[in-house]
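K.L.:
Got a structure for you, questions after.
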Amino acid sequence: MSELTTTARPYARALFELASDAGKLTEWSETLAFLGVLVSDDKVRVLLDSPGMTKQAAADAVIKLSDGRLDDKAENLVRQLAEYGRLEALPEISSLFEAMKDEAENVVEAVVTSAQELSDKEKDVIAAALKKRLGCEVKITTEIDESILGGAIIRAGDLVIDGSIQGRLKNIQHALVG
């Protein structure tokens with residue numbers, strides 16, 4: 001477990017509880033995703049890592065760059081993270097929050113790796129089949145890997161389905177070899 005994850009987990013848990021109690025999981029999810037992307041931007045990192053940048057100035061910079069997208073609670077989060085030198089934890093906080101949100105909403109993320117881009121219809125068919133098999137909502141994320149030749153590899157939680165041509169060829173090779 002990385003130090004960043006250890007740092008981010010209590011923030012993500014507290015924010016999840018706050019958002020859940022207020023019925024604002026989606027709003028906080030969007031805010032945290034935005035802040036995670038913002039502080040990960042190379043130009044913003046250079047600004048925040050500047051030798052003369054104070055903790056207060058870092059918080060003010062992130063809030064100003066957010067251009068009014070943050071409510072008072074989100075601004076307070078930014079100030080608190082800046083005060084303890086933890087703004088770089090925002091992407092991990094966002095990721096952990098999203099995982100907690102998905103679990104609470106009975107949603108699993110499936111990563112589908114294929115040799116070429118999938119159509120929306122193909123994604124919908126895969127999502128429907130996984131929903132039926134797993135008994136929960138499924139969010140599809142796609143990746144392209146031309147080395148699998150064709151077909152797809154699906155990863156959803158602990159489930160891995162290798163329907164790639166490369167995987168089938170390996171299975172045939174193992175069967176022939178013994």
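Residues are referred to by chain and number: the chain letter is A, B, ... according to the order shown in the structure tokens, the number counts from 1 in that chain, and ligands are numbered separately from 1 in the order shown.
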Would you list the contacts of stretch 99-114 of chain A as a VMD selection string, taking every protein, DNA or RNA residue within 10 Å and counting only C-alpha atoms, but skipping same-chain residues closer than 6 positions in sequence?
P.N.:
chain A and resid 12 to 13 16 to 17 19 to 20 25 to 26 29 93 123 126 to 127 130 to 131 134 to 157 159 to 164
K.L.:
Which residues come within 8 Å of A:Thr31, counting only C-alpha atoms, excluding same-chain residues fewer than 4 positions away, as a PyMOL selection string?
P.N.:
chain A and resi 27+35+69-70+74
K.L.:
Of the residues A:Asp71, A:Gly167, A:Thr54, A:Leu96, which is the one nearest to A:Arg9, using only C-alpha atoms?
P.N.:
A:Leu96
K.L.:
Determine which residues of stretch 4-177 of chain A DSSP labels as helix (DSSP H, G or I) from the backbone of this structure, then write them out as a PyMOL selection string.
P.N.:
chain A and resi 4-22+25-40+42-48+55-65+72-83+87-104+120-134+146-148+165-177
K.L.:
Give me, as a list in words, the residues of stretch 16-168 of chain A that a backbone DSSP run labels strand (DSSP E or B).
P.N.:
Val107, Val108, Glu109, Ala110, Val111, Val112, Thr113, Ser114, Glu137, Val138, Lys139, Ile140, Thr141, Thr142, Glu143, Ile144, Ala152, Ile153, Ile154, Arg155, Ala156, Leu159, Val160, Ile161 and Asp162 of chain A
K.L.:
How about saving the chosen residues, C-alpha atoms kept, as a PDB file, in the first residue's frame?
P.N.:
ATOM      1  CA  VAL A 107     -21.782  -0.807  -9.259  1.00  0.00           C
ATOM      2  CA  VAL A 108     -18.726  -2.608 -10.579  1.00  0.00           C
ATOM      3  CA  GLU A 109     -16.269  -1.177 -13.075  1.00  0.00           C
ATOM      4  CA  ALA A 110     -15.320  -3.484 -15.911  1.00  0.00           C
ATOM      5  CA  VAL A 111     -12.256  -2.881 -18.044  1.00  0.00           C
ATOM      6  CA  VAL A 112     -12.627  -4.297 -21.541  1.00  0.00           C
ATOM      7  CA  THR A 113      -9.382  -4.642 -23.476  1.00  0.00           C
ATOM      8  CA  SER A 114      -9.794  -5.187 -27.211  1.00  0.00           C
ATOM      9  CA  GLU A 137     -24.769  -2.312 -12.465  1.00  0.00           C
ATOM     10  CA  VAL A 138     -21.645  -2.227 -14.633  1.00  0.00           C
ATOM     11  CA  LYS A 139     -19.551   0.720 -15.787  1.00  0.00           C
ATOM     12  CA  ILE A 140     -17.498  -0.111 -18.873  1.00  0.00           C
ATOM     13  CA  THR A 141     -14.029   1.333 -19.447  1.00  0.00           C
ATOM     14  CA  THR A 142     -12.212   0.360 -22.628  1.00  0.00           C
ATOM     15  CA  GLU A 143      -8.565  -0.080 -23.497  1.00  0.00           C
ATOM     16  CA  ILE A 144      -6.939  -0.869 -26.832  1.00  0.00           C
ATOM     17  CA  ALA A 152     -11.558  -9.037 -25.821  1.00  0.00           C
ATOM     18  CA  ILE A 153     -10.328  -9.490 -22.277  1.00  0.00           C
ATOM     19  CA  ILE A 154     -12.804  -8.392 -19.606  1.00  0.00           C
ATOM     20  CA  ARG A 155     -11.779  -7.609 -16.022  1.00  0.00           C
ATOM     21  CA  ALA A 156     -14.532  -6.856 -13.502  1.00  0.00           C
ATOM     22  CA  LEU A 159     -13.550 -11.872 -12.606  1.00  0.00           C
ATOM     23  CA  VAL A 160     -11.337 -12.154 -15.696  1.00  0.00           C
ATOM     24  CA  ILE A 161     -12.771 -13.409 -18.978  1.00  0.00           C
ATOM     25  CA  ASP A 162     -10.181 -13.913 -21.721  1.00  0.00           C
TER      26      ASP A 162
END
K.L.:
Identify which of the residues A:Glu83, A:Asp21, A:Asp124, A:Glu88 lies closest to A:Asp49, counting only C-alpha atoms when measuring atom-to-atom distances.
P.N.:
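Smallest distance to A:Asp49 is found for A:Glu88.
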K.L.:
Given only C-alpha atoms as the basis, pick out the residue of A:Glu75, A:Trp28, A:Lys55, A:Leu65 nearest to A:Lys43.
P.N.:
A:Leu65
